[in-house]
Every structure is written in structure tokens, then in C-alpha cells.
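A short write-up of the structure that comes next.
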Amino acid sequence: GVAGCTAFSPPVRNYILTRWPSSRSRPLAMMADGDGDGDSDGDGDAVLGAILESSSSPVPGAARGIGEYWPGERTAKPAPPPAPGAMATALRSVPPILVLPGFGNDRTDYLENAVGAVPTLNRRGFNTTVLAVKQSMWLQVFAKGALDWSFLRGSATCESPSYSWYISMAIEEIERLCAEAGGERVLLVGHSAGGWLARAVVGLMGQERASELVRGVVSLGAPHQCPPEGVVDVTRGVVGDLETRFGASKMSRWGVPVITVAGDCLTGDPSSEFPWNRASASAYSTLTPGDGTGVIGDGVVPLESALLDDAALRLTVTACT
């Protein structure tokens with residue numbers, strides 16, 4: 001499916017539900033509520049089943065979900081693609097999707113043939129758009145941050161000029177997509193920093209506007225959690241501001257559930273003979289105390305940072321091999 005290992009690249013074979021409340025259909029059923037009237041336009045379990053392949057079998061089956069296994073060098077045995085438009089069988093109204101790129105990413109990073117987020121989601125019957133962010137635009141974070149005392153001090157808020165350009169772009173695109181879809185609410189899929197920025201987008205829209213325009217937020221490998229004391233907050237305070245003002249549980253009460261997805265494919269080890277374990281340790285050390293030894297994550301973001309305790313649903317993608 002939509003790969004959980006941060007860069008959308010590795011095929012995913014197993015999905016572990018790390019938090020599945022007794023009313024397990026509710027978070028997905030909320031996203032299945034196309035018109036926002038509180039009544040699901042599709043079954044929550046069916047929505048999840050249509051997105052995720054719950055079996056480790058390399059052969060996807062429409063009845064069990066739509067597993068995605070890429071052919072050629074990606075797998076030992078090529079597998080057929082998922083049934084075109086299969087999401088239509090799980091939802092009576094399919095939401096437009098807006099992908100929010102991660103820090104330093106360009107919109108073209110999500111368009112790669114076959115394995116990119118856009119073709120992967122479109123094969124499932126979605127109409128997918130990527131926010132038109134160019135890689136060079138991210139320089140604004142530092143250029144505007146250098147003139148923002150709160151950013152320099154590490155107490156920036158969601159309204160910080162370092163990120164306001166991104167948030168404004170996203171809100172404008174949400175409004176456009178919703179209008180083009182005849183009022184169908186937009187599902188936000190945020191990759192990496194795009195995940196916590198999606199929460200900022202919803203929060204700054206406000207309850208009334210967000211509940212009318214946004215169907216839900218799915219974050220993929222997003223560093224949501226504030227780093228511990230002694231570790232520099234690379235968001236310069238914005239993630240902490242989000243937690244204080246716009247927690248995931250608050251957004252669920254607004255009718256905009258947040259689903260956090262994380263990968264556990266790599267364990268940090270600075271002394272490993274394998275370069276990817278060393279690189280993972282280095283990345284994890286920017287979000288957790290210590291040197292990243294023994295920390296588990298997707299190679300960039302640790303599990304503990306990517307999964308919000310108060311999310312409507314927390315998914316761990318395991319065995320990303």
C-alpha cells in the first residue's frame with residue numbers, strides 16, 4: 001500500500017495495529033463520512049481493509065485488502081497490481097487526497113511511476129494531488145526564521161513565518177480541491193514534516209472550517225513528538241505548540257480524525273557493519289536522547305516520535321523488506 005517507510009519506497013508486507021480501540025471502526029468510519037453529517041458513507045473496517053493488506057502473503061487479494069508488491073527487482077515474483085478503483089467498493093464517496101510533502105522534498109518526489117504516492121493511490125481509485133512545493137521553497141524556513149526571534153529562540157508557533165507559506169499554500173489547495181469535488185472533503189496525507197504540518201493546517205483553519213473541508217489526516221513517518229530535554233527541536237518549537245493547541249484528540253472531536261503511521265524496519269546502531277543502521281542511529285539521535293543505539297524506526301523517524309498517543313488510530317508498518 002502506501003509505504004510506511006518514510007520515502008514511500010519499500011514494499012510493505014505486514015501491518016500491525018498498535019492501537020485498536022474497542023470501537024475499532026470509528027476512526028475509519030469518520031473518514032468514510034463524506035458529507036460530514038456524522039453518518040458513515042462506508043464501513044470503517046472496509047475502508048481499512050481496502051487500504052491495507054493484512055496478510056504476509058506476497059499475492060494480494062481483493063477480498064483481504066489491496067496489498068501492493070512491486071515487480072522486477074522489488075520482489076522475487078512479480079504480482080498483479082491491485083484492482084483499479086477498488087476503494088469504490090469500500091466507500092460510497094471517495095475523497096480527493098492532498099499529499100503534503102516532507103521537509104526538503106519536491107512534489108515530483110511523489111510522482112515516480114509505479115512506486116510513487118500518486119500512482120499508488122490513484123490505482124486504488126483516488127484522485128490524488130501533491131501540494132506544489134518546490135525543493136527550493138524550503139529555504140524560506142531558514143531565511144524567514146533568521147528574522148524571527150521566536151524561531152531563533154526555539155519557541156516558534158504554528159503561525160511562524162518560517163512555515164506560514166506552506167500552510168497558506170495547503171489551505172488554498174484544500175479549498176480548491178473541495179470545490180472541484182463538489183464539496184467532497186479532502187483527505188490530507190502528510191509525509192514526514194508534512195504530517196505535523198497537516199495538523200497545523202487543520203488547527204489554523206479552525207473547527208468550523210476544517211470540519212467542512214477536511215475529512216481526516218494520515219501522517220506517514222512524521223516526527224510529531226517534542227524531543228526530550230537536551231535534544232534540539234528541529235521545528236524550533238512548532239511541534240510543541242501543536243501539542244498544546246491542536247492535539248490529535250482535539251481534532252477528532254472536530255470531526256477530523258488523525259491516523260499516525262510509522263515503520264519499524266531499521267534499528268539504530270552506530271557501530272554496525274551495515275551503513276543503513278549507522279545512518280538510522282544518526283537520524284534517530286536528532287529526535288531521541290543518546291546516540292540512537294537500539295532505537296527502532298523507519299530509518300529517519302523513531303516509532304516513539306511518529307505515533308501520537310491520542311491519535312484516532314496508530315499503525316505500525318513492520319517487516320519493510
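By order of appearance in the C-alpha cells: chains A, B, ..., then residues from 1 within every chain, and ligands from 1 in the order shown.
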
Please, which residues of range 94-189 of chain A, numbered as in this document, come out strand (DSSP E) from DSSP, as a count of residues only?
11

Based on DSSP run over this structure's backbone, return all residues of range 126-313 of chain A in alpha helix (DSSP H), as an mmCIF file with N, CA, C and O atoms, in the first residue's frame.
data_model
loop_
_atom_site.group_PDB
_atom_site.id
_atom_site.type_symbol
_atom_site.label_atom_id
_atom_site.label_comp_id
_atom_site.auth_asym_id
_atom_site.auth_seq_id
_atom_site.Cartn_x
_atom_site.Cartn_y
_atom_site.Cartn_z
ATOM 1 N N LEU A 139 14.000 26.769 1.552
ATOM 2 C CA LEU A 139 14.984 27.744 2.033
ATOM 3 C C LEU A 139 14.313 28.863 2.819
ATOM 4 O O LEU A 139 14.954 29.534 3.630
ATOM 5 N N GLN A 140 12.999 29.045 2.595
ATOM 6 C CA GLN A 140 12.269 30.073 3.325
ATOM 7 C C GLN A 140 12.243 29.795 4.830
ATOM 8 O O GLN A 140 12.168 30.733 5.637
ATOM 9 N N VAL A 141 12.297 28.511 5.201
ATOM 10 C CA VAL A 141 12.298 28.165 6.620
ATOM 11 C C VAL A 141 13.460 28.852 7.326
ATOM 12 O O VAL A 141 13.300 29.440 8.399
ATOM 13 N N PHE A 142 14.626 28.809 6.709
ATOM 14 C CA PHE A 142 15.815 29.387 7.335
ATOM 15 C C PHE A 142 15.900 30.894 7.100
ATOM 16 O O PHE A 142 16.276 31.651 7.999
ATOM 17 N N ALA A 143 15.546 31.326 5.885
ATOM 18 C CA ALA A 143 15.622 32.757 5.572
ATOM 19 C C ALA A 143 14.666 33.562 6.446
ATOM 20 O O ALA A 143 15.040 34.616 7.013
ATOM 21 N N LYS A 144 13.437 33.081 6.568
ATOM 22 C CA LYS A 144 12.454 33.792 7.393
ATOM 23 C C LYS A 144 12.693 33.540 8.875
ATOM 24 O O LYS A 144 12.444 34.415 9.714
ATOM 25 N N GLY A 145 13.194 32.354 9.191
ATOM 26 C CA GLY A 145 13.500 32.047 10.581
ATOM 27 C C GLY A 145 14.608 32.906 11.140
ATOM 28 O O GLY A 145 14.615 33.241 12.334
ATOM 29 N N TRP A 149 12.558 36.134 15.937
ATOM 30 C CA TRP A 149 13.203 35.902 17.219
ATOM 31 C C TRP A 149 12.664 34.641 17.891
ATOM 32 O O TRP A 149 13.413 33.886 18.519
ATOM 33 N N SER A 150 11.358 34.376 17.774
ATOM 34 C CA SER A 150 10.790 33.188 18.406
ATOM 35 C C SER A 150 11.356 31.913 17.780
ATOM 36 O O SER A 150 11.587 30.920 18.475
ATOM 37 N N PHE A 151 11.604 31.930 16.482
ATOM 38 C CA PHE A 151 12.195 30.786 15.796
ATOM 39 C C PHE A 151 13.623 30.572 16.291
ATOM 40 O O PHE A 151 14.018 29.441 16.597
ATOM 41 N N LEU A 152 14.382 31.639 16.375
ATOM 42 C CA LEU A 152 15.768 31.540 16.837
ATOM 43 C C LEU A 152 15.841 31.064 18.276
ATOM 44 O O LEU A 152 16.757 30.346 18.672
ATOM 45 N N ARG A 153 14.855 31.454 19.065
ATOM 46 C CA ARG A 153 14.820 31.109 20.479
ATOM 47 C C ARG A 153 14.262 29.710 20.701
ATOM 48 O O ARG A 153 14.335 29.157 21.799
ATOM 49 N N PRO A 161 6.441 32.648 10.473
ATOM 50 C CA PRO A 161 6.644 32.906 9.034
ATOM 51 C C PRO A 161 7.503 31.844 8.358
ATOM 52 O O PRO A 161 7.447 31.679 7.144
ATOM 53 N N SER A 162 8.262 31.094 9.143
ATOM 54 C CA SER A 162 9.096 30.043 8.565
ATOM 55 C C SER A 162 8.259 28.957 7.890
ATOM 56 O O SER A 162 8.710 28.309 6.942
ATOM 57 N N TYR A 163 7.040 28.753 8.401
ATOM 58 C CA TYR A 163 6.172 27.705 7.857
ATOM 59 C C TYR A 163 4.834 28.219 7.349
ATOM 60 O O TYR A 163 4.070 27.457 6.744
ATOM 61 N N SER A 164 4.528 29.476 7.586
ATOM 62 C CA SER A 164 3.219 30.007 7.191
ATOM 63 C C SER A 164 3.007 29.944 5.676
ATOM 64 O O SER A 164 1.877 29.790 5.209
ATOM 65 N N TRP A 165 4.073 30.074 4.890
ATOM 66 C CA TRP A 165 3.951 29.996 3.433
ATOM 67 C C TRP A 165 3.413 28.629 3.012
ATOM 68 O O TRP A 165 2.571 28.532 2.120
ATOM 69 N N TYR A 166 3.888 27.565 3.677
ATOM 70 C CA TYR A 166 3.462 26.201 3.370
ATOM 71 C C TYR A 166 2.006 26.007 3.780
ATOM 72 O O TYR A 166 1.194 25.459 3.023
ATOM 73 N N ILE A 167 1.677 26.467 4.961
ATOM 74 C CA ILE A 167 0.317 26.308 5.480
ATOM 75 C C ILE A 167 -0.682 27.051 4.609
ATOM 76 O O ILE A 167 -1.768 26.537 4.294
ATOM 77 N N SER A 168 -0.335 28.256 4.184
ATOM 78 C CA SER A 168 -1.225 29.035 3.312
ATOM 79 C C SER A 168 -1.448 28.329 1.983
ATOM 80 O O SER A 168 -2.575 28.268 1.468
ATOM 81 N N MET A 169 -0.369 27.782 1.407
ATOM 82 C CA MET A 169 -0.493 27.029 0.156
ATOM 83 C C MET A 169 -1.437 25.846 0.323
ATOM 84 O O MET A 169 -2.280 25.568 -0.537
ATOM 85 N N ALA A 170 -1.290 25.134 1.452
ATOM 86 C CA ALA A 170 -2.102 23.944 1.687
ATOM 87 C C ALA A 170 -3.577 24.299 1.841
ATOM 88 O O ALA A 170 -4.450 23.625 1.279
ATOM 89 N N ILE A 171 -3.868 25.355 2.579
ATOM 90 C CA ILE A 171 -5.263 25.753 2.785
ATOM 91 C C ILE A 171 -5.909 26.149 1.457
ATOM 92 O O ILE A 171 -7.045 25.767 1.163
ATOM 93 N N GLU A 172 -5.186 26.903 0.644
ATOM 94 C CA GLU A 172 -5.714 27.298 -0.659
ATOM 95 C C GLU A 172 -5.993 26.076 -1.535
ATOM 96 O O GLU A 172 -7.006 26.009 -2.241
ATOM 97 N N GLU A 173 -5.096 25.095 -1.485
ATOM 98 C CA GLU A 173 -5.275 23.895 -2.305
ATOM 99 C C GLU A 173 -6.439 23.052 -1.793
ATOM 100 O O GLU A 173 -7.187 22.464 -2.585
ATOM 101 N N ILE A 174 -6.611 22.966 -0.489
ATOM 102 C CA ILE A 174 -7.742 22.232 0.086
ATOM 103 C C ILE A 174 -9.055 22.849 -0.382
ATOM 104 O O ILE A 174 -9.983 22.145 -0.793
ATOM 105 N N GLU A 175 -9.134 24.161 -0.325
ATOM 106 C CA GLU A 175 -10.354 24.852 -0.764
ATOM 107 C C GLU A 175 -10.627 24.584 -2.236
ATOM 108 O O GLU A 175 -11.776 24.342 -2.637
ATOM 109 N N ARG A 176 -9.585 24.590 -3.058
ATOM 110 C CA ARG A 176 -9.743 24.355 -4.490
ATOM 111 C C ARG A 176 -10.214 22.925 -4.753
ATOM 112 O O ARG A 176 -11.160 22.701 -5.524
ATOM 113 N N LEU A 177 -9.574 21.966 -4.107
ATOM 114 C CA LEU A 177 -9.926 20.562 -4.334
ATOM 115 C C LEU A 177 -11.343 20.258 -3.862
ATOM 116 O O LEU A 177 -12.087 19.527 -4.521
ATOM 117 N N CYS A 178 -11.716 20.828 -2.735
ATOM 118 C CA CYS A 178 -13.062 20.609 -2.200
ATOM 119 C C CYS A 178 -14.110 21.180 -3.153
ATOM 120 O O CYS A 178 -15.131 20.539 -3.436
ATOM 121 N N ALA A 179 -13.845 22.362 -3.681
ATOM 122 C CA ALA A 179 -14.789 22.985 -4.621
ATOM 123 C C ALA A 179 -14.895 22.165 -5.896
ATOM 124 O O ALA A 179 -15.990 21.934 -6.418
ATOM 125 N N GLU A 180 -13.760 21.704 -6.425
ATOM 126 C CA GLU A 180 -13.758 20.914 -7.652
ATOM 127 C C GLU A 180 -14.481 19.584 -7.474
ATOM 128 O O GLU A 180 -15.042 19.042 -8.422
ATOM 129 N N ALA A 193 7.679 15.711 7.682
ATOM 130 C CA ALA A 193 7.255 17.002 8.233
ATOM 131 C C ALA A 193 5.870 17.404 7.740
ATOM 132 O O ALA A 193 5.154 18.150 8.417
ATOM 133 N N GLY A 194 5.478 16.883 6.574
ATOM 134 C CA GLY A 194 4.135 17.165 6.077
ATOM 135 C C GLY A 194 3.052 16.639 6.998
ATOM 136 O O GLY A 194 1.913 17.120 6.973
ATOM 137 N N GLY A 195 3.394 15.664 7.852
ATOM 138 C CA GLY A 195 2.434 15.120 8.790
ATOM 139 C C GLY A 195 2.084 16.100 9.901
ATOM 140 O O GLY A 195 0.911 16.329 10.193
ATOM 141 N N TRP A 196 3.124 16.684 10.530
ATOM 142 C CA TRP A 196 2.800 17.656 11.584
ATOM 143 C C TRP A 196 2.344 18.983 10.986
ATOM 144 O O TRP A 196 1.542 19.706 11.595
ATOM 145 N N LEU A 197 2.792 19.288 9.769
ATOM 146 C CA LEU A 197 2.284 20.495 9.116
ATOM 147 C C LEU A 197 0.802 20.335 8.758
ATOM 148 O O LEU A 197 0.054 21.317 8.779
ATOM 149 N N ALA A 198 0.369 19.119 8.465
ATOM 150 C CA ALA A 198 -1.054 18.877 8.206
ATOM 151 C C ALA A 198 -1.879 19.210 9.441
ATOM 152 O O ALA A 198 -2.976 19.786 9.343
ATOM 153 N N ARG A 199 -1.361 18.863 10.614
ATOM 154 C CA ARG A 199 -2.057 19.211 11.856
ATOM 155 C C ARG A 199 -2.111 20.720 12.041
ATOM 156 O O ARG A 199 -3.121 21.271 12.501
ATOM 157 N N ALA A 200 -1.036 21.402 11.672
ATOM 158 C CA ALA A 200 -1.025 22.863 11.768
ATOM 159 C C ALA A 200 -2.042 23.476 10.812
ATOM 160 O O ALA A 200 -2.734 24.442 11.150
ATOM 161 N N VAL A 201 -2.140 22.898 9.620
ATOM 162 C CA VAL A 201 -3.111 23.376 8.625
ATOM 163 C C VAL A 201 -4.523 23.286 9.191
ATOM 164 O O VAL A 201 -5.303 24.243 9.164
ATOM 165 N N VAL A 202 -4.867 22.116 9.719
ATOM 166 C CA VAL A 202 -6.208 21.900 10.266
ATOM 167 C C VAL A 202 -6.448 22.823 11.456
ATOM 168 O O VAL A 202 -7.510 23.447 11.582
ATOM 169 N N GLY A 203 -5.465 22.917 12.327
ATOM 170 C CA GLY A 203 -5.625 23.749 13.513
ATOM 171 C C GLY A 203 -5.866 25.211 13.191
ATOM 172 O O GLY A 203 -6.748 25.858 13.766
ATOM 173 N N LEU A 204 -5.108 25.739 12.244
ATOM 174 C CA LEU A 204 -5.236 27.156 11.904
ATOM 175 C C LEU A 204 -6.471 27.432 11.058
ATOM 176 O O LEU A 204 -6.926 28.576 10.973
ATOM 177 N N MET A 205 -7.035 26.415 10.451
ATOM 178 C CA MET A 205 -8.302 26.590 9.742
ATOM 179 C C MET A 205 -9.443 26.819 10.735
ATOM 180 O O MET A 205 -10.432 27.479 10.415
ATOM 181 N N GLN A 207 -12.117 24.996 13.839
ATOM 182 C CA GLN A 207 -13.033 23.860 13.862
ATOM 183 C C GLN A 207 -14.085 23.893 12.759
ATOM 184 O O GLN A 207 -14.269 22.916 12.036
ATOM 185 N N GLU A 208 -14.773 25.009 12.607
ATOM 186 C CA GLU A 208 -15.869 25.055 11.639
ATOM 187 C C GLU A 208 -15.385 24.853 10.213
ATOM 188 O O GLU A 208 -15.932 24.032 9.468
ATOM 189 N N ARG A 209 -14.323 25.568 9.872
ATOM 190 C CA ARG A 209 -13.807 25.491 8.501
ATOM 191 C C ARG A 209 -13.188 24.121 8.223
ATOM 192 O O ARG A 209 -13.398 23.527 7.154
ATOM 193 N N ALA A 210 -12.405 23.622 9.184
ATOM 194 C CA ALA A 210 -11.732 22.337 8.988
ATOM 195 C C ALA A 210 -12.733 21.199 8.857
ATOM 196 O O ALA A 210 -12.573 20.311 8.012
ATOM 197 N N SER A 211 -13.768 21.211 9.696
ATOM 198 C CA SER A 211 -14.750 20.125 9.639
ATOM 199 C C SER A 211 -15.542 20.136 8.339
ATOM 200 O O SER A 211 -16.055 19.107 7.909
ATOM 201 N N GLU A 212 -15.617 21.294 7.689
ATOM 202 C CA GLU A 212 -16.322 21.393 6.410
ATOM 203 C C GLU A 212 -15.454 20.960 5.231
ATOM 204 O O GLU A 212 -15.974 20.501 4.212
ATOM 205 N N LEU A 213 -14.136 21.119 5.380
ATOM 206 C CA LEU A 213 -13.248 20.924 4.235
ATOM 207 C C LEU A 213 -12.327 19.713 4.337
ATOM 208 O O LEU A 213 -11.851 19.216 3.303
ATOM 209 N N VAL A 238 7.589 24.531 16.997
ATOM 210 C CA VAL A 238 6.275 24.398 16.366
ATOM 211 C C VAL A 238 5.564 23.120 16.810
ATOM 212 O O VAL A 238 4.358 23.131 17.082
ATOM 213 N N VAL A 239 6.286 21.995 16.910
ATOM 214 C CA VAL A 239 5.654 20.742 17.314
ATOM 215 C C VAL A 239 5.096 20.851 18.739
ATOM 216 O O VAL A 239 4.008 20.353 19.042
ATOM 217 N N GLY A 240 5.831 21.530 19.616
ATOM 218 C CA GLY A 240 5.340 21.735 20.971
ATOM 219 C C GLY A 240 4.090 22.599 20.991
ATOM 220 O O GLY A 240 3.157 22.345 21.760
ATOM 221 N N ASP A 241 4.063 23.609 20.151
ATOM 222 C CA ASP A 241 2.885 24.467 20.035
ATOM 223 C C ASP A 241 1.689 23.672 19.531
ATOM 224 O O ASP A 241 0.557 23.843 20.005
ATOM 225 N N LEU A 242 1.932 22.770 18.582
ATOM 226 C CA LEU A 242 0.863 21.912 18.061
ATOM 227 C C LEU A 242 0.273 21.047 19.160
ATOM 228 O O LEU A 242 -0.949 20.901 19.270
ATOM 229 N N GLU A 243 1.145 20.457 19.980
ATOM 230 C CA GLU A 243 0.670 19.569 21.027
ATOM 231 C C GLU A 243 -0.174 20.326 22.054
ATOM 232 O O GLU A 243 -1.164 19.816 22.566
ATOM 233 N N THR A 244 0.222 21.547 22.331
ATOM 234 C CA THR A 244 -0.502 22.354 23.307
ATOM 235 C C THR A 244 -1.855 22.821 22.778
ATOM 236 O O THR A 244 -2.865 22.781 23.484
ATOM 237 N N ARG A 245 -1.891 23.245 21.529
ATOM 238 C CA ARG A 245 -3.092 23.879 20.988
ATOM 239 C C ARG A 245 -3.950 22.965 20.118
ATOM 240 O O ARG A 245 -5.174 23.086 20.103
ATOM 241 N N ALA A 248 -4.165 15.697 18.608
ATOM 242 C CA ALA A 248 -4.929 14.823 17.718
ATOM 243 C C ALA A 248 -6.325 14.536 18.265
ATOM 244 O O ALA A 248 -7.295 14.448 17.511
ATOM 245 N N SER A 249 -6.454 14.388 19.582
ATOM 246 C CA SER A 249 -7.768 14.107 20.161
ATOM 247 C C SER A 249 -8.711 15.288 19.970
ATOM 248 O O SER A 249 -9.920 15.101 19.756
ATOM 249 N N LYS A 250 -8.173 16.498 20.019
ATOM 250 C CA LYS A 250 -8.992 17.686 19.790
ATOM 251 C C LYS A 250 -9.517 17.696 18.359
ATOM 252 O O LYS A 250 -10.683 18.006 18.106
ATOM 253 N N MET A 251 -8.658 17.325 17.415
ATOM 254 C CA MET A 251 -9.076 17.305 16.022
ATOM 255 C C MET A 251 -10.136 16.237 15.773
ATOM 256 O O MET A 251 -11.041 16.428 14.965
ATOM 257 N N SER A 252 -10.025 15.112 16.483
ATOM 258 C CA SER A 252 -11.053 14.078 16.354
ATOM 259 C C SER A 252 -12.401 14.609 16.826
ATOM 260 O O SER A 252 -13.438 14.319 16.225
ATOM 261 N N ARG A 253 -12.370 15.399 17.896
ATOM 262 C CA ARG A 253 -13.620 15.995 18.373
ATOM 263 C C ARG A 253 -14.183 16.977 17.359
ATOM 264 O O ARG A 253 -15.391 17.213 17.317
ATOM 265 N N PRO A 275 25.742 0.151 6.765
ATOM 266 C CA PRO A 275 25.665 1.619 6.755
ATOM 267 C C PRO A 275 24.275 2.159 7.075
ATOM 268 O O PRO A 275 24.142 3.227 7.653
ATOM 269 N N TRP A 276 23.214 1.414 6.702
ATOM 270 C CA TRP A 276 21.875 1.942 6.943
ATOM 271 C C TRP A 276 21.530 1.953 8.434
ATOM 272 O O TRP A 276 20.786 2.808 8.888
ATOM 273 N N ASN A 277 22.094 1.010 9.217
ATOM 274 C CA ASN A 277 21.882 1.029 10.659
ATOM 275 C C ASN A 277 22.639 2.188 11.306
ATOM 276 O O ASN A 277 22.150 2.819 12.252
ATOM 277 N N ARG A 278 23.824 2.477 10.782
ATOM 278 C CA ARG A 278 24.594 3.622 11.299
ATOM 279 C C ARG A 278 23.893 4.927 10.963
ATOM 280 O O ARG A 278 23.790 5.830 11.805
ATOM 281 N N ALA A 279 23.407 5.026 9.706
ATOM 282 C CA ALA A 279 22.705 6.237 9.292
ATOM 283 C C ALA A 279 21.419 6.425 10.099
ATOM 284 O O ALA A 279 21.063 7.550 10.478
ATOM 285 N N SER A 280 20.717 5.323 10.385
ATOM 286 C CA SER A 280 19.486 5.402 11.167
ATOM 287 C C SER A 280 19.776 5.918 12.571
ATOM 288 O O SER A 280 19.041 6.766 13.097
ATOM 289 N N ALA A 281 20.827 5.422 13.173
ATOM 290 C CA ALA A 281 21.200 5.871 14.517
ATOM 291 C C ALA A 281 21.456 7.372 14.538
ATOM 292 O O ALA A 281 21.027 8.084 15.449
ATOM 293 N N SER A 282 22.149 7.852 13.515
ATOM 294 C CA SER A 282 22.432 9.282 13.420
ATOM 295 C C SER A 282 21.147 10.091 13.304
ATOM 296 O O SER A 282 20.986 11.127 13.960
ATOM 297 N N ALA A 283 20.218 9.610 12.487
ATOM 298 C CA ALA A 283 18.940 10.313 12.316
ATOM 299 C C ALA A 283 18.117 10.277 13.600
ATOM 300 O O ALA A 283 17.549 11.289 14.021
ATOM 301 N N TYR A 284 18.060 9.122 14.241
ATOM 302 C CA TYR A 284 17.267 8.990 15.461
ATOM 303 C C TYR A 284 17.803 9.874 16.587
ATOM 304 O O TYR A 284 17.037 10.348 17.433
ATOM 305 N N LEU A 303 9.861 5.232 16.026
ATOM 306 C CA LEU A 303 8.463 4.884 16.273
ATOM 307 C C LEU A 303 7.849 5.798 17.318
ATOM 308 O O LEU A 303 6.737 6.295 17.163
ATOM 309 N N GLU A 304 8.575 6.012 18.416
ATOM 310 C CA GLU A 304 8.017 6.774 19.526
ATOM 311 C C GLU A 304 7.736 8.221 19.150
ATOM 312 O O GLU A 304 6.901 8.879 19.774
ATOM 313 N N SER A 305 8.377 8.712 18.127
ATOM 314 C CA SER A 305 8.149 10.080 17.681
ATOM 315 C C SER A 305 7.009 10.167 16.677
ATOM 316 O O SER A 305 6.303 11.166 16.601
ATOM 317 N N ALA A 306 6.818 9.092 15.898
ATOM 318 C CA ALA A 306 5.854 9.127 14.794
ATOM 319 C C ALA A 306 4.433 8.746 15.207
ATOM 320 O O ALA A 306 3.486 9.065 14.495
#

Could you list, as a PyMOL selection string, every residue within 6 Å of range 290-296 of chain A, counting only C-alpha atoms and ignoring same-chain residues fewer than 6 positions away?
chain A and resi 264+266-269+281+284+302

File dump, residues just selected, C-alpha atoms, as a tab-separated table (two decimals), in the first residue's frame:
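Result saved to part_30.tsv:
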chain	number	residue	atom	x	y	z
A	264	ASP	CA	9.89	-0.27	12.30
A	266	LEU	CA	15.54	-0.28	10.99
A	267	THR	CA	17.22	-0.34	14.40
A	268	GLY	CA	19.86	2.26	15.11
A	269	ASP	CA	23.39	1.01	15.70
A	281	ALA	CA	21.20	5.87	14.52
A	284	TYR	CA	17.27	8.99	15.46
A	302	PRO	CA	11.70	6.73	15.54

Counting only C-alpha atoms, which residues of range 176-278 of chain A sit at most 12 Å from some atom of range 104-124 of chain A, and what is each one's closest atom pair with its distance in Å to one decimal, listed by chain and rising residue number, as a tab-separated table?
residue	atom	partner	partner_atom	distance
A:Leu187	CA	A:Leu121	CA	11.9
A:Val189	CA	A:Ala117	CA	9.6
A:Gly190	CA	A:Ala117	CA	10.9
A:His191	CA	A:Asn105	CA	9.5
A:Ser192	CA	A:Asn105	CA	9.7
A:Ala193	CA	A:Gly104	CA	9.2
A:Gly194	CA	A:Asn105	CA	9.7
A:Leu220	CA	A:Ala117	CA	11.1

Keeping only N, CA, C and O atoms, write those residues as a PDB file, in the first residue's frame.
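Result written to result.pdb:
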ATOM      1  N   LEU A 187      -8.940  14.504   2.075  1.00  0.00           N
ATOM      2  CA  LEU A 187      -8.131  13.711   2.985  1.00  0.00           C
ATOM      3  C   LEU A 187      -6.678  14.143   2.838  1.00  0.00           C
ATOM      4  O   LEU A 187      -6.123  14.114   1.734  1.00  0.00           O
ATOM      5  N   VAL A 189      -2.751  13.595   3.408  1.00  0.00           N
ATOM      6  CA  VAL A 189      -1.742  12.576   3.656  1.00  0.00           C
ATOM      7  C   VAL A 189      -0.400  13.297   3.755  1.00  0.00           C
ATOM      8  O   VAL A 189       0.125  13.795   2.757  1.00  0.00           O
ATOM      9  N   GLY A 190       0.114  13.387   4.972  1.00  0.00           N
ATOM     10  CA  GLY A 190       1.342  14.139   5.205  1.00  0.00           C
ATOM     11  C   GLY A 190       2.532  13.223   5.392  1.00  0.00           C
ATOM     12  O   GLY A 190       2.530  12.347   6.267  1.00  0.00           O
ATOM     13  N   HIS A 191       3.545  13.423   4.576  1.00  0.00           N
ATOM     14  CA  HIS A 191       4.768  12.629   4.665  1.00  0.00           C
ATOM     15  C   HIS A 191       5.805  13.373   5.489  1.00  0.00           C
ATOM     16  O   HIS A 191       6.094  14.541   5.243  1.00  0.00           O
ATOM     17  N   SER A 192       6.376  12.706   6.488  1.00  0.00           N
ATOM     18  CA  SER A 192       7.422  13.282   7.327  1.00  0.00           C
ATOM     19  C   SER A 192       6.947  14.614   7.918  1.00  0.00           C
ATOM     20  O   SER A 192       5.915  14.662   8.573  1.00  0.00           O
ATOM     21  N   ALA A 193       7.679  15.711   7.682  1.00  0.00           N
ATOM     22  CA  ALA A 193       7.255  17.002   8.233  1.00  0.00           C
ATOM     23  C   ALA A 193       5.870  17.404   7.740  1.00  0.00           C
ATOM     24  O   ALA A 193       5.154  18.150   8.417  1.00  0.00           O
ATOM     25  N   GLY A 194       5.478  16.883   6.574  1.00  0.00           N
ATOM     26  CA  GLY A 194       4.135  17.165   6.077  1.00  0.00           C
ATOM     27  C   GLY A 194       3.052  16.639   6.998  1.00  0.00           C
ATOM     28  O   GLY A 194       1.913  17.120   6.973  1.00  0.00           O
ATOM     29  N   LEU A 220       2.545   9.934   7.659  1.00  0.00           N
ATOM     30  CA  LEU A 220       3.444   8.828   7.340  1.00  0.00           C
ATOM     31  C   LEU A 220       4.856   9.181   7.792  1.00  0.00           C
ATOM     32  O   LEU A 220       5.501  10.060   7.222  1.00  0.00           O
TER      33      LEU A 220
END

Hey, can you check how far CA of Pro96 in chain A sits from CA of Val133 in chain A?
18.2 Å

For CA of Ser136 in chain A and CA of Glu159 in chain A, the interatomic separation in Å (one decimal):
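We find that CA of Ser136 in chain A and CA of Glu159 in chain A lie 20.8 Å from each other.
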
Counting only C-alpha atoms, figure out which residue out of A:Phe126, A:Trp138, A:Trp254, A:Phe246 gets nearest to Val214 in chain A.
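Among the listed residues, A:Trp254 lies closest to Val214 in chain A.
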